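K.L.:
Okay, so here is coords.pdb, and as you'll see once you scroll down, it has PDB, C-alpha atoms and all ligand atoms.
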```
ATOM      1  CA  MET A   1       0.000   0.000   0.000  1.00  0.00           C
ATOM      2  CA  THR A   2       1.301   3.475  -0.844  1.00  0.00           C
ATOM      3  CA  ASP A   3       1.229   6.346   1.639  1.00  0.00           C
ATOM      4  CA  PRO A   4      -1.779   8.656   1.356  1.00  0.00           C
ATOM      5  CA  THR A   5      -1.155  11.824  -0.609  1.00  0.00           C
ATOM      6  CA  ILE A   6      -2.039  15.101   1.074  1.00  0.00           C
ATOM      7  CA  ARG A   7      -2.232  18.223  -1.054  1.00  0.00           C
ATOM      8  CA  VAL A   8      -3.004  21.713   0.268  1.00  0.00           C
ATOM      9  CA  ARG A   9      -4.221  24.233  -2.312  1.00  0.00           C
ATOM     10  CA  SER A  10      -6.458  27.216  -2.950  1.00  0.00           C
ATOM     11  CA  PRO A  11     -10.119  26.296  -3.459  1.00  0.00           C
ATOM     12  CA  VAL A  12     -12.043  26.833  -6.694  1.00  0.00           C
ATOM     13  CA  PRO A  13     -15.814  27.399  -7.001  1.00  0.00           C
ATOM     14  CA  GLY A  14     -16.372  23.712  -7.770  1.00  0.00           C
ATOM     15  CA  ASP A  15     -15.117  22.882  -4.248  1.00  0.00           C
ATOM     16  CA  ALA A  16     -17.959  24.753  -2.527  1.00  0.00           C
ATOM     17  CA  THR A  17     -20.185  21.740  -1.827  1.00  0.00           C
ATOM     18  CA  ALA A  18     -17.362  19.599  -0.457  1.00  0.00           C
ATOM     19  CA  MET A  19     -16.112  22.485   1.694  1.00  0.00           C
ATOM     20  CA  ALA A  20     -19.558  22.997   3.220  1.00  0.00           C
ATOM     21  CA  HIS A  21     -19.920  19.259   3.844  1.00  0.00           C
ATOM     22  CA  VAL A  22     -16.562  19.070   5.627  1.00  0.00           C
ATOM     23  CA  HIS A  23     -17.347  22.144   7.703  1.00  0.00           C
ATOM     24  CA  VAL A  24     -20.748  20.903   8.879  1.00  0.00           C
ATOM     25  CA  LEU A  25     -19.595  17.334   9.559  1.00  0.00           C
ATOM     26  CA  ALA A  26     -16.488  18.464  11.473  1.00  0.00           C
ATOM     27  CA  TRP A  27     -18.710  20.625  13.671  1.00  0.00           C
ATOM     28  CA  ARG A  28     -21.328  17.921  14.202  1.00  0.00           C
ATOM     29  CA  VAL A  29     -18.764  15.340  15.288  1.00  0.00           C
ATOM     30  CA  GLY A  30     -16.159  17.606  16.881  1.00  0.00           C
ATOM     31  CA  TYR A  31     -18.585  19.698  18.904  1.00  0.00           C
ATOM     32  CA  ARG A  32     -20.978  16.920  19.925  1.00  0.00           C
ATOM     33  CA  GLY A  33     -21.629  17.315  23.641  1.00  0.00           C
ATOM     34  CA  ILE A  34     -20.140  20.821  23.579  1.00  0.00           C
ATOM     35  CA  VAL A  35     -22.403  22.854  21.262  1.00  0.00           C
ATOM     36  CA  PRO A  36     -26.181  22.277  21.699  1.00  0.00           C
ATOM     37  CA  ALA A  37     -27.372  19.379  19.528  1.00  0.00           C
ATOM     38  CA  ALA A  38     -30.214  21.426  18.021  1.00  0.00           C
ATOM     39  CA  HIS A  39     -27.731  23.986  16.744  1.00  0.00           C
ATOM     40  CA  LEU A  40     -25.509  21.295  15.217  1.00  0.00           C
ATOM     41  CA  ALA A  41     -28.546  19.713  13.552  1.00  0.00           C
ATOM     42  CA  SER A  42     -29.602  23.086  12.143  1.00  0.00           C
ATOM     43  CA  LEU A  43     -26.312  23.739  10.329  1.00  0.00           C
ATOM     44  CA  ASP A  44     -27.177  23.970   6.658  1.00  0.00           C
ATOM     45  CA  PRO A  45     -24.568  22.622   4.220  1.00  0.00           C
ATOM     46  CA  VAL A  46     -26.578  23.866   1.222  1.00  0.00           C
ATOM     47  CA  ALA A  47     -26.584  27.476   2.412  1.00  0.00           C
ATOM     48  CA  ARG A  48     -22.904  27.246   3.303  1.00  0.00           C
ATOM     49  CA  ALA A  49     -22.101  25.795  -0.112  1.00  0.00           C
ATOM     50  CA  GLU A  50     -23.912  28.672  -1.797  1.00  0.00           C
ATOM     51  CA  ALA A  51     -21.961  31.201   0.261  1.00  0.00           C
ATOM     52  CA  TRP A  52     -18.635  29.527  -0.601  1.00  0.00           C
ATOM     53  CA  GLN A  53     -19.628  29.250  -4.250  1.00  0.00           C
ATOM     54  CA  GLU A  54     -20.369  32.970  -4.447  1.00  0.00           C
ATOM     55  CA  LEU A  55     -17.214  33.993  -2.624  1.00  0.00           C
ATOM     56  CA  LEU A  56     -14.967  31.720  -4.680  1.00  0.00           C
ATOM     57  CA  ALA A  57     -16.583  32.710  -7.968  1.00  0.00           C
ATOM     58  CA  ARG A  58     -15.965  36.371  -7.149  1.00  0.00           C
ATOM     59  CA  ALA A  59     -12.366  35.627  -6.198  1.00  0.00           C
ATOM     60  CA  GLU A  60     -11.882  33.694  -9.457  1.00  0.00           C
ATOM     61  CA  ALA A  61     -13.294  36.625 -11.405  1.00  0.00           C
ATOM     62  CA  GLY A  62     -10.697  38.868  -9.792  1.00  0.00           C
ATOM     63  CA  ASP A  63     -13.299  40.562  -7.649  1.00  0.00           C
ATOM     64  CA  GLY A  64     -11.850  39.316  -4.354  1.00  0.00           C
ATOM     65  CA  GLN A  65      -9.467  41.295  -2.213  1.00  0.00           C
ATOM     66  CA  PRO A  66      -5.816  40.280  -2.490  1.00  0.00           C
ATOM     67  CA  VAL A  67      -4.089  38.854   0.530  1.00  0.00           C
ATOM     68  CA  GLY A  68      -1.512  41.077   2.141  1.00  0.00           C
ATOM     69  CA  PRO A  69      -1.080  43.897   4.585  1.00  0.00           C
ATOM     70  CA  GLY A  70      -4.339  45.761   5.091  1.00  0.00           C
ATOM     71  CA  THR A  71      -6.598  43.031   3.760  1.00  0.00           C
ATOM     72  CA  SER A  72      -9.808  42.642   5.734  1.00  0.00           C
ATOM     73  CA  ILE A  73     -11.035  39.296   4.475  1.00  0.00           C
ATOM     74  CA  SER A  74     -10.007  35.754   5.224  1.00  0.00           C
ATOM     75  CA  ILE A  75      -8.177  33.585   2.743  1.00  0.00           C
ATOM     76  CA  PRO A  76      -9.466  30.007   2.396  1.00  0.00           C
ATOM     77  CA  VAL A  77      -7.316  26.942   1.738  1.00  0.00           C
ATOM     78  CA  VAL A  78      -8.363  23.325   1.307  1.00  0.00           C
ATOM     79  CA  ALA A  79      -6.655  19.954   1.666  1.00  0.00           C
ATOM     80  CA  ASP A  80      -7.177  16.870  -0.472  1.00  0.00           C
ATOM     81  CA  LEU A  81      -6.416  13.383   0.814  1.00  0.00           C
ATOM     82  CA  ASP A  82      -5.859  11.034  -2.122  1.00  0.00           C
ATOM     83  CA  GLY A  83      -7.733  13.478  -4.333  1.00  0.00           C
ATOM     84  CA  ARG A  84     -10.741  13.949  -2.045  1.00  0.00           C
ATOM     85  CA  LEU A  85     -11.321  17.302  -0.351  1.00  0.00           C
ATOM     86  CA  VAL A  86     -11.314  16.608   3.407  1.00  0.00           C
ATOM     87  CA  GLY A  87     -10.030  19.787   5.052  1.00  0.00           C
ATOM     88  CA  ILE A  88     -10.647  23.505   5.022  1.00  0.00           C
ATOM     89  CA  ALA A  89      -8.979  26.394   6.798  1.00  0.00           C
ATOM     90  CA  SER A  90      -8.895  30.151   6.533  1.00  0.00           C
ATOM     91  CA  TYR A  91      -6.677  32.899   7.821  1.00  0.00           C
ATOM     92  CA  GLY A  92      -6.409  36.664   7.733  1.00  0.00           C
ATOM     93  CA  PRO A  93      -6.111  39.687   9.962  1.00  0.00           C
ATOM     94  CA  TYR A  94      -6.950  39.372  13.639  1.00  0.00           C
ATOM     95  CA  ARG A  95     -10.681  39.906  14.154  1.00  0.00           C
ATOM     96  CA  SER A  96     -10.412  41.360  17.630  1.00  0.00           C
ATOM     97  CA  ALA A  97     -13.072  39.004  18.964  1.00  0.00           C
ATOM     98  CA  GLY A  98     -12.468  40.153  22.502  1.00  0.00           C
ATOM     99  CA  GLY A  99     -10.000  40.082  25.321  1.00  0.00           C
ATOM    100  CA  THR A 100      -6.986  42.304  25.365  1.00  0.00           C
ATOM    101  CA  LYS A 101      -5.505  42.857  21.933  1.00  0.00           C
ATOM    102  CA  PRO A 102      -2.465  40.605  21.583  1.00  0.00           C
ATOM    103  CA  ALA A 103       0.751  41.640  19.944  1.00  0.00           C
ATOM    104  CA  ALA A 104      -0.322  39.098  17.322  1.00  0.00           C
ATOM    105  CA  LEU A 105      -2.488  40.580  14.635  1.00  0.00           C
ATOM    106  CA  SER A 106      -2.866  37.680  12.254  1.00  0.00           C
ATOM    107  CA  GLU A 107      -5.453  35.001  12.898  1.00  0.00           C
ATOM    108  CA  LEU A 108      -6.182  31.426  11.957  1.00  0.00           C
ATOM    109  CA  TRP A 109      -9.919  31.960  11.471  1.00  0.00           C
ATOM    110  CA  MET A 110     -10.989  28.352  11.161  1.00  0.00           C
ATOM    111  CA  LEU A 111      -9.749  24.812  10.637  1.00  0.00           C
ATOM    112  CA  ASN A 112     -12.052  21.877   9.986  1.00  0.00           C
ATOM    113  CA  VAL A 113     -11.230  18.345   8.878  1.00  0.00           C
ATOM    114  CA  HIS A 114     -13.643  15.609   7.833  1.00  0.00           C
ATOM    115  CA  PRO A 115     -13.857  13.171  10.783  1.00  0.00           C
ATOM    116  CA  GLU A 116     -12.831  10.278   8.502  1.00  0.00           C
ATOM    117  CA  ALA A 117      -9.546  12.119   7.958  1.00  0.00           C
ATOM    118  CA  TRP A 118      -8.786  12.838  11.609  1.00  0.00           C
ATOM    119  CA  GLY A 119      -5.418  11.489  12.688  1.00  0.00           C
ATOM    120  CA  THR A 120      -4.114  11.314   9.094  1.00  0.00           C
ATOM    121  CA  GLY A 121      -1.889  14.397   9.097  1.00  0.00           C
ATOM    122  CA  VAL A 122      -4.306  16.462   6.994  1.00  0.00           C
ATOM    123  CA  ALA A 123      -4.940  18.938   9.820  1.00  0.00           C
ATOM    124  CA  ARG A 124      -1.202  19.299  10.403  1.00  0.00           C
ATOM    125  CA  ALA A 125      -0.555  19.874   6.700  1.00  0.00           C
ATOM    126  CA  LEU A 126      -3.214  22.586   6.678  1.00  0.00           C
ATOM    127  CA  ILE A 127      -1.921  24.429   9.729  1.00  0.00           C
ATOM    128  CA  ASP A 128       1.686  24.185   8.473  1.00  0.00           C
ATOM    129  CA  HIS A 129       0.548  25.726   5.177  1.00  0.00           C
ATOM    130  CA  VAL A 130      -1.407  28.516   6.878  1.00  0.00           C
ATOM    131  CA  GLU A 131       1.533  29.352   9.132  1.00  0.00           C
ATOM    132  CA  GLU A 132       3.821  29.538   6.114  1.00  0.00           C
ATOM    133  CA  ARG A 133       1.367  31.798   4.251  1.00  0.00           C
ATOM    134  CA  LEU A 134       1.060  34.055   7.292  1.00  0.00           C
ATOM    135  CA  ARG A 135       4.849  34.277   7.524  1.00  0.00           C
ATOM    136  CA  VAL A 136       5.071  35.278   3.878  1.00  0.00           C
ATOM    137  CA  ASP A 137       1.905  37.324   3.346  1.00  0.00           C
ATOM    138  CA  ARG A 138       1.399  39.225   6.557  1.00  0.00           C
ATOM    139  CA  PRO A 139       3.677  41.580   8.453  1.00  0.00           C
ATOM    140  CA  GLU A 140       2.803  40.482  11.993  1.00  0.00           C
ATOM    141  CA  PRO A 141       5.249  38.166  13.767  1.00  0.00           C
ATOM    142  CA  THR A 142       2.598  36.328  15.771  1.00  0.00           C
ATOM    143  CA  ALA A 143      -0.735  34.716  15.014  1.00  0.00           C
ATOM    144  CA  ALA A 144      -3.740  34.012  17.210  1.00  0.00           C
ATOM    145  CA  LEU A 145      -6.720  31.660  17.116  1.00  0.00           C
ATOM    146  CA  TRP A 146      -9.783  31.008  19.260  1.00  0.00           C
ATOM    147  CA  VAL A 147     -10.781  27.504  20.289  1.00  0.00           C
ATOM    148  CA  LEU A 148     -13.615  26.317  22.518  1.00  0.00           C
ATOM    149  CA  GLU A 149     -12.338  25.644  26.023  1.00  0.00           C
ATOM    150  CA  ARG A 150     -13.997  22.215  26.019  1.00  0.00           C
ATOM    151  CA  ASN A 151     -12.632  21.230  22.596  1.00  0.00           C
ATOM    152  CA  ALA A 152      -9.987  18.896  24.041  1.00  0.00           C
ATOM    153  CA  ARG A 153      -9.018  17.350  20.713  1.00  0.00           C
ATOM    154  CA  GLY A 154      -8.625  20.724  19.009  1.00  0.00           C
ATOM    155  CA  ARG A 155      -6.581  22.148  21.882  1.00  0.00           C
ATOM    156  CA  ARG A 156      -4.310  19.090  21.954  1.00  0.00           C
ATOM    157  CA  PHE A 157      -3.805  19.427  18.213  1.00  0.00           C
ATOM    158  CA  TYR A 158      -2.872  23.123  18.435  1.00  0.00           C
ATOM    159  CA  GLU A 159      -0.560  22.544  21.390  1.00  0.00           C
ATOM    160  CA  LYS A 160       1.301  19.834  19.474  1.00  0.00           C
ATOM    161  CA  ALA A 161       1.675  22.309  16.604  1.00  0.00           C
ATOM    162  CA  GLY A 162       3.377  24.787  18.926  1.00  0.00           C
ATOM    163  CA  TRP A 163       0.477  27.064  19.844  1.00  0.00           C
ATOM    164  CA  ALA A 164      -0.118  28.064  23.478  1.00  0.00           C
ATOM    165  CA  PRO A 165      -2.927  29.792  25.370  1.00  0.00           C
ATOM    166  CA  ASP A 166      -2.108  33.411  26.229  1.00  0.00           C
ATOM    167  CA  GLY A 167      -4.704  33.700  28.997  1.00  0.00           C
ATOM    168  CA  ALA A 168      -7.406  35.606  27.077  1.00  0.00           C
ATOM    169  CA  THR A 169     -10.921  34.179  27.010  1.00  0.00           C
ATOM    170  CA  ILE A 170     -14.275  35.238  25.623  1.00  0.00           C
ATOM    171  CA  THR A 171     -17.758  33.868  26.068  1.00  0.00           C
ATOM    172  CA  GLU A 172     -19.695  33.326  22.884  1.00  0.00           C
ATOM    173  CA  THR A 173     -23.340  32.366  22.647  1.00  0.00           C
ATOM    174  CA  ILE A 174     -23.716  29.471  20.207  1.00  0.00           C
ATOM    175  CA  GLY A 175     -27.115  27.883  19.747  1.00  0.00           C
ATOM    176  CA  GLY A 176     -28.314  29.508  22.976  1.00  0.00           C
ATOM    177  CA  ALA A 177     -25.420  28.199  25.092  1.00  0.00           C
ATOM    178  CA  ASP A 178     -22.740  30.437  26.581  1.00  0.00           C
ATOM    179  CA  LEU A 179     -19.452  28.813  25.592  1.00  0.00           C
ATOM    180  CA  VAL A 180     -15.991  29.888  26.653  1.00  0.00           C
ATOM    181  CA  GLU A 181     -13.316  30.243  23.993  1.00  0.00           C
ATOM    182  CA  VAL A 182      -9.635  30.474  24.792  1.00  0.00           C
ATOM    183  CA  ARG A 183      -7.104  32.330  22.716  1.00  0.00           C
ATOM    184  CA  TYR A 184      -3.958  30.583  21.524  1.00  0.00           C
ATOM    185  CA  VAL A 185      -0.957  32.341  19.989  1.00  0.00           C
ATOM    186  CA  LYS A 186       2.187  31.302  18.154  1.00  0.00           C
ATOM    187  CA  GLN A 187       5.306  33.181  17.092  1.00  0.00           C
ATOM    188  CA  LEU A 188       5.614  32.561  13.379  1.00  0.00           C
TER
HETATM  189  C1  LIG A 201      -9.250  20.001  15.353  1.00  0.00           C
HETATM  190  C2  LIG A 201      -8.953  19.130  14.121  1.00  0.00           C
HETATM  191  C3  LIG A 201      -8.707  20.021  12.915  1.00  0.00           C
HETATM  192  C4  LIG A 201      -7.655  18.342  14.446  1.00  0.00           C
HETATM  193  O1  LIG A 201      -7.442  17.387  13.446  1.00  0.00           O
HETATM  194  P1  LIG A 201      -7.105  15.861  13.849  1.00  0.00           P
HETATM  195  O2  LIG A 201      -6.800  15.130  12.607  1.00  0.00           O
HETATM  196  O3  LIG A 201      -8.215  15.367  14.701  1.00  0.00           O
HETATM  197  O4  LIG A 201      -5.816  16.070  14.691  1.00  0.00           O
HETATM  198  P2  LIG A 201      -4.762  14.956  15.161  1.00  0.00           P
HETATM  199  O5  LIG A 201      -5.370  13.599  15.139  1.00  0.00           O
HETATM  200  O6  LIG A 201      -3.510  15.198  14.408  1.00  0.00           O
HETATM  201  O7  LIG A 201      -4.480  15.429  16.643  1.00  0.00           O
HETATM  202  C5  LIG A 201      -5.459  15.442  17.605  1.00  0.00           C
HETATM  203  C6  LIG A 201      -4.812  15.060  18.935  1.00  0.00           C
HETATM  204  O8  LIG A 201      -5.836  14.972  19.884  1.00  0.00           O
HETATM  205  C7  LIG A 201      -5.814  13.655  20.427  1.00  0.00           C
HETATM  206  N1  LIG A 201      -7.176  13.324  20.779  1.00  0.00           N
HETATM  207  C8  LIG A 201      -8.020  12.499  20.154  1.00  0.00           C
HETATM  208  N2  LIG A 201      -9.192  12.489  20.802  1.00  0.00           N
HETATM  209  C9  LIG A 201      -9.056  13.266  21.880  1.00  0.00           C
HETATM  210  C10 LIG A 201      -9.897  13.627  22.949  1.00  0.00           C
HETATM  211  N3  LIG A 201     -11.155  13.182  23.037  1.00  0.00           N
HETATM  212  N4  LIG A 201      -9.421  14.451  23.899  1.00  0.00           N
HETATM  213  C11 LIG A 201      -8.166  14.914  23.828  1.00  0.00           C
HETATM  214  N5  LIG A 201      -7.312  14.630  22.821  1.00  0.00           N
HETATM  215  C12 LIG A 201      -7.767  13.800  21.870  1.00  0.00           C
HETATM  216  C13 LIG A 201      -5.270  12.809  19.346  1.00  0.00           C
HETATM  217  O9  LIG A 201      -4.838  11.585  19.866  1.00  0.00           O
HETATM  218  C14 LIG A 201      -4.149  13.696  18.877  1.00  0.00           C
HETATM  219  O10 LIG A 201      -3.094  13.727  19.781  1.00  0.00           O
HETATM  220  P3  LIG A 201      -1.846  12.722  19.648  1.00  0.00           P
HETATM  221  O11 LIG A 201      -1.329  12.896  18.249  1.00  0.00           O
HETATM  222  O12 LIG A 201      -0.917  13.186  20.698  1.00  0.00           O
HETATM  223  O13 LIG A 201      -2.395  11.364  19.866  1.00  0.00           O
HETATM  224  C15 LIG A 201     -10.109  18.141  13.825  1.00  0.00           C
HETATM  225  O14 LIG A 201     -10.241  17.239  14.905  1.00  0.00           O
HETATM  226  C16 LIG A 201     -11.434  18.844  13.584  1.00  0.00           C
HETATM  227  O15 LIG A 201     -11.734  19.259  12.476  1.00  0.00           O
HETATM  228  N6  LIG A 201     -12.254  18.980  14.651  1.00  0.00           N
HETATM  229  C17 LIG A 201     -13.585  19.592  14.577  1.00  0.00           C
HETATM  230  C18 LIG A 201     -13.514  21.088  14.336  1.00  0.00           C
HETATM  231  C19 LIG A 201     -12.520  21.777  15.239  1.00  0.00           C
HETATM  232  O16 LIG A 201     -12.434  21.492  16.430  1.00  0.00           O
HETATM  233  N7  LIG A 201     -11.771  22.736  14.675  1.00  0.00           N
HETATM  234  C20 LIG A 201     -10.818  23.516  15.405  1.00  0.00           C
HETATM  235  C21 LIG A 201     -11.513  24.474  16.236  1.00  0.00           C
HETATM  236  S1  LIG A 201     -10.821  26.062  16.217  1.00  0.00           S
END
```
Can the structure in the file be given as structure tokens, please?

P.N.:
Amino acid sequence: MTDPTIRVRSPVPGDATAMAHVHVLAWRVGYRGIVPAAHLASLDPVARAEAWQELLARAEAGDGQPVGPGTSISIPVVADLDGRLVGIASYGPYRSAGGTKPAALSELWMLNVHPEAWGTGVARALIDHVEERLRVDRPEPTAALWVLERNARGRRFYEKAGWAPDGATITETIGGADLVEVRYVKQL
């Protein structure tokens, strides 16, 4: 048997449905028992796919904002495992979600991997790619991300990748539940 091939790349409009599917499934499995079940059940992959489709079509048409200093949008990337899209991530400027403003001004906005691809190295390939892009594209020396306090698997993953909590927390209401998020940072 040959080793699985992981490829990280920019998404195209035709990826929208797979991206939405990965996003919704990662949430439903990863946040089970953390985010209210009714909220997880209500996540709509069709609406998400339409939103991705529109955003990616605009980017393809040259209507999207370029990445770089001053950009105010997030940049999506996707990962294929043996040719199948199983991971999505996005990064951009720090969104100032709350807490004291860290020295870090870049942010990993989101990272989601299809549960069937957990433990395969796809998530690591995605975060390595995002960190490299942030190093090259953005002027800030440090990046931040927010992760749910109770997301043990996510936190373990980030810690193994060299990220550490900086002490800031916020409480976000998701599906009617008040959930604590902790901020992690990493020197790039
Ligand atoms: C977070 C995510 C991207 C990580 O990808 P992954 O493929 O699961 O990551 P890995 O398997 O490489 O690493 C996860 C680590 O957590 C460990 N882990 C597994 N289950 C765990 C659990 N219930 N509690 C704590 N750690 C756990 C794994 O064993 C592994 O650590 P190890 O390599 O030391 O054994 C993926 O799980 C995911 O998409 N989750 C749902 C969405 C999410 O949480 N996104 C990030 C939020 S900001």

K.L.:
To test your reading of the syntax: which residues would the PyMOL selection byres (((not hetatm)) within 9 of (chain A and resi 201)) return for the file shown? Reply as a PDB file with C-alpha atoms, keeping the file's coordinate frame.

P.N.:
```
ATOM      1  CA  VAL A  22     -16.562  19.070   5.627  1.00  0.00           C
ATOM      2  CA  HIS A  23     -17.347  22.144   7.703  1.00  0.00           C
ATOM      3  CA  LEU A  25     -19.595  17.334   9.559  1.00  0.00           C
ATOM      4  CA  ALA A  26     -16.488  18.464  11.473  1.00  0.00           C
ATOM      5  CA  TRP A  27     -18.710  20.625  13.671  1.00  0.00           C
ATOM      6  CA  ARG A  28     -21.328  17.921  14.202  1.00  0.00           C
ATOM      7  CA  VAL A  29     -18.764  15.340  15.288  1.00  0.00           C
ATOM      8  CA  GLY A  30     -16.159  17.606  16.881  1.00  0.00           C
ATOM      9  CA  TYR A  31     -18.585  19.698  18.904  1.00  0.00           C
ATOM     10  CA  GLY A  87     -10.030  19.787   5.052  1.00  0.00           C
ATOM     11  CA  ILE A  88     -10.647  23.505   5.022  1.00  0.00           C
ATOM     12  CA  ALA A  89      -8.979  26.394   6.798  1.00  0.00           C
ATOM     13  CA  LEU A 108      -6.182  31.426  11.957  1.00  0.00           C
ATOM     14  CA  TRP A 109      -9.919  31.960  11.471  1.00  0.00           C
ATOM     15  CA  MET A 110     -10.989  28.352  11.161  1.00  0.00           C
ATOM     16  CA  LEU A 111      -9.749  24.812  10.637  1.00  0.00           C
ATOM     17  CA  ASN A 112     -12.052  21.877   9.986  1.00  0.00           C
ATOM     18  CA  VAL A 113     -11.230  18.345   8.878  1.00  0.00           C
ATOM     19  CA  HIS A 114     -13.643  15.609   7.833  1.00  0.00           C
ATOM     20  CA  PRO A 115     -13.857  13.171  10.783  1.00  0.00           C
ATOM     21  CA  GLU A 116     -12.831  10.278   8.502  1.00  0.00           C
ATOM     22  CA  ALA A 117      -9.546  12.119   7.958  1.00  0.00           C
ATOM     23  CA  TRP A 118      -8.786  12.838  11.609  1.00  0.00           C
ATOM     24  CA  GLY A 119      -5.418  11.489  12.688  1.00  0.00           C
ATOM     25  CA  THR A 120      -4.114  11.314   9.094  1.00  0.00           C
ATOM     26  CA  GLY A 121      -1.889  14.397   9.097  1.00  0.00           C
ATOM     27  CA  VAL A 122      -4.306  16.462   6.994  1.00  0.00           C
ATOM     28  CA  ALA A 123      -4.940  18.938   9.820  1.00  0.00           C
ATOM     29  CA  ARG A 124      -1.202  19.299  10.403  1.00  0.00           C
ATOM     30  CA  LEU A 126      -3.214  22.586   6.678  1.00  0.00           C
ATOM     31  CA  ILE A 127      -1.921  24.429   9.729  1.00  0.00           C
ATOM     32  CA  LEU A 145      -6.720  31.660  17.116  1.00  0.00           C
ATOM     33  CA  TRP A 146      -9.783  31.008  19.260  1.00  0.00           C
ATOM     34  CA  VAL A 147     -10.781  27.504  20.289  1.00  0.00           C
ATOM     35  CA  LEU A 148     -13.615  26.317  22.518  1.00  0.00           C
ATOM     36  CA  ASN A 151     -12.632  21.230  22.596  1.00  0.00           C
ATOM     37  CA  ALA A 152      -9.987  18.896  24.041  1.00  0.00           C
ATOM     38  CA  ARG A 153      -9.018  17.350  20.713  1.00  0.00           C
ATOM     39  CA  GLY A 154      -8.625  20.724  19.009  1.00  0.00           C
ATOM     40  CA  ARG A 155      -6.581  22.148  21.882  1.00  0.00           C
ATOM     41  CA  ARG A 156      -4.310  19.090  21.954  1.00  0.00           C
ATOM     42  CA  PHE A 157      -3.805  19.427  18.213  1.00  0.00           C
ATOM     43  CA  TYR A 158      -2.872  23.123  18.435  1.00  0.00           C
ATOM     44  CA  GLU A 159      -0.560  22.544  21.390  1.00  0.00           C
ATOM     45  CA  LYS A 160       1.301  19.834  19.474  1.00  0.00           C
TER      46      LYS A 160
END
```

K.L.:
Could you please determine the separation between atom CA of A:Arg150 and atom CA of A:Ile34 in Å, to one decimal place?

P.N.:
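Separation between atom CA of A:Arg150 and atom CA of A:Ile34: 6.8 Å.
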
K.L.:
Near A:Ile6, counting only C-alpha atoms, which residues have an atom at most 7 Å away, once you skip same-chain residues fewer than 2 positions from it, shown as a PyMOL selection string?

P.N.:
chain A and resi 4+8+79-82+122

K.L.:
Using only C-alpha atoms, which residue out of A:Gly92, A:Ala61, A:Gly162, A:Glu181 lies closest to A:Asp137?

P.N.:
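When distances to A:Asp137 are compared using only C-alpha atoms, the smallest one comes from A:Gly92.
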
K.L.:
What does the structure give for the distance between atom CA of A:Glu54 and atom CA of A:Arg135, in Å to one decimal?

P.N.:
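If I compute the distance from atom CA of A:Glu54 to atom CA of A:Arg135, I get 27.9 Å.
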
K.L.:
If you measure from atom CA of A:Trp163 to atom CA of A:Ala143, what distance in Å do you get, rounded to one decimal?

P.N.:
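It comes out at 9.1 Å.
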
K.L.:
Let me know the residues the PyMOL selection byres (((chain A and resi 184) around 7) and not hetatm) catches in the file above, as a PyMOL selection string.

P.N.:
chain A and resi 144-146+163-166+182-183+185

K.L.:
Identify, on the basis of all atoms listed in the file, every residue whose closest approach to A:Ser42 does not exceed 10 Å; exclude the query and any residue fewer than 4 positions from it along the same chain; express the result as an NGL selection string.

P.N.:
:A and (24 or 28 or 37-38 or 175)

K.L.:
With the file shown as input, list the residues that the PyMOL selection byres (((chain A and resi 10) around 9) and not hetatm) selects, as a PyMOL selection string.

P.N.:
chain A and resi 8-9+11-12+75-79

K.L.:
For A:Ile174, please output as a list of chain:residue names all residues within 9 Å (counting only C-alpha atoms; exclusion window: fewer than 3 positions along the same chain).

P.N.:
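My list of contacting residues is A:Val35, A:Pro36, A:His39, A:Ala177, A:Asp178, A:Leu179.
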
K.L.:
Identify the residues within 12 Å of coordinate (-20.3, 17.3, -1.0) (same frame as the file), considering only C-alpha atoms, and give the answer as an MDAnalysis selection string.

P.N.:
chainID A and resid 14:25 45:46 48:50 84:86 114

K.L.:
Of the candidates A:Gln187, A:Ser90, A:Thr142, A:Ser106, which one gets nearest to A:His129 if we count all atoms listed in the file?

P.N.:
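Nearest candidate to A:His129 out of A:Gln187, A:Ser90, A:Thr142, A:Ser106: A:Ser90.
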
K.L.:
Which residue is closest to A:Ala57? Choose from A:Gly33, A:Gly83, A:Pro13, A:Pro93 and count all atoms listed in the file.

P.N.:
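The closest residue to A:Ala57 is A:Pro13.
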
K.L.:
Rank nothing, just name the residue among A:Gly167, A:Arg95, A:Ser74, A:Ala125 nearest to A:Leu55, using only C-alpha atoms.

P.N.:
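Nearest candidate to A:Leu55 out of A:Gly167, A:Arg95, A:Ser74, A:Ala125: A:Ser74.
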
K.L.:
Could the centre and edge lengths of an axis-aligned box, enclosing all atoms of stretch 108-113 of chain A in the file with 8 Å extra on each side, be given in Å to one decimal as AutoDock Vina command-line options?

P.N.:
```
--center_x -9.1 --center_y 25.2 --center_z 10.4 --size_x 21.9 --size_y 29.6 --size_z 19.1
```

K.L.:
Taking (-12.5, 33.7, 26.2) in the file's own coordinates, collect the residues within 6 Å, counting all atoms listed in the file, and hand them back as a PyMOL selection string.

P.N.:
chain A and resi 168-171+180-182

K.L.:
Quick test: take stretch 11-23 of chain A, keep C-alpha atoms, and write it as a PDB file, in the first residue's frame.

P.N.:
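Result went into part11.pdb, see below:
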```pdb
ATOM      1  CA  PRO A  11     -10.119  26.296  -3.459  1.00  0.00           C
ATOM      2  CA  VAL A  12     -12.043  26.833  -6.694  1.00  0.00           C
ATOM      3  CA  PRO A  13     -15.814  27.399  -7.001  1.00  0.00           C
ATOM      4  CA  GLY A  14     -16.372  23.712  -7.770  1.00  0.00           C
ATOM      5  CA  ASP A  15     -15.117  22.882  -4.248  1.00  0.00           C
ATOM      6  CA  ALA A  16     -17.959  24.753  -2.527  1.00  0.00           C
ATOM      7  CA  THR A  17     -20.185  21.740  -1.827  1.00  0.00           C
ATOM      8  CA  ALA A  18     -17.362  19.599  -0.457  1.00  0.00           C
ATOM      9  CA  MET A  19     -16.112  22.485   1.694  1.00  0.00           C
ATOM     10  CA  ALA A  20     -19.558  22.997   3.220  1.00  0.00           C
ATOM     11  CA  HIS A  21     -19.920  19.259   3.844  1.00  0.00           C
ATOM     12  CA  VAL A  22     -16.562  19.070   5.627  1.00  0.00           C
ATOM     13  CA  HIS A  23     -17.347  22.144   7.703  1.00  0.00           C
TER      14      HIS A  23
END
```
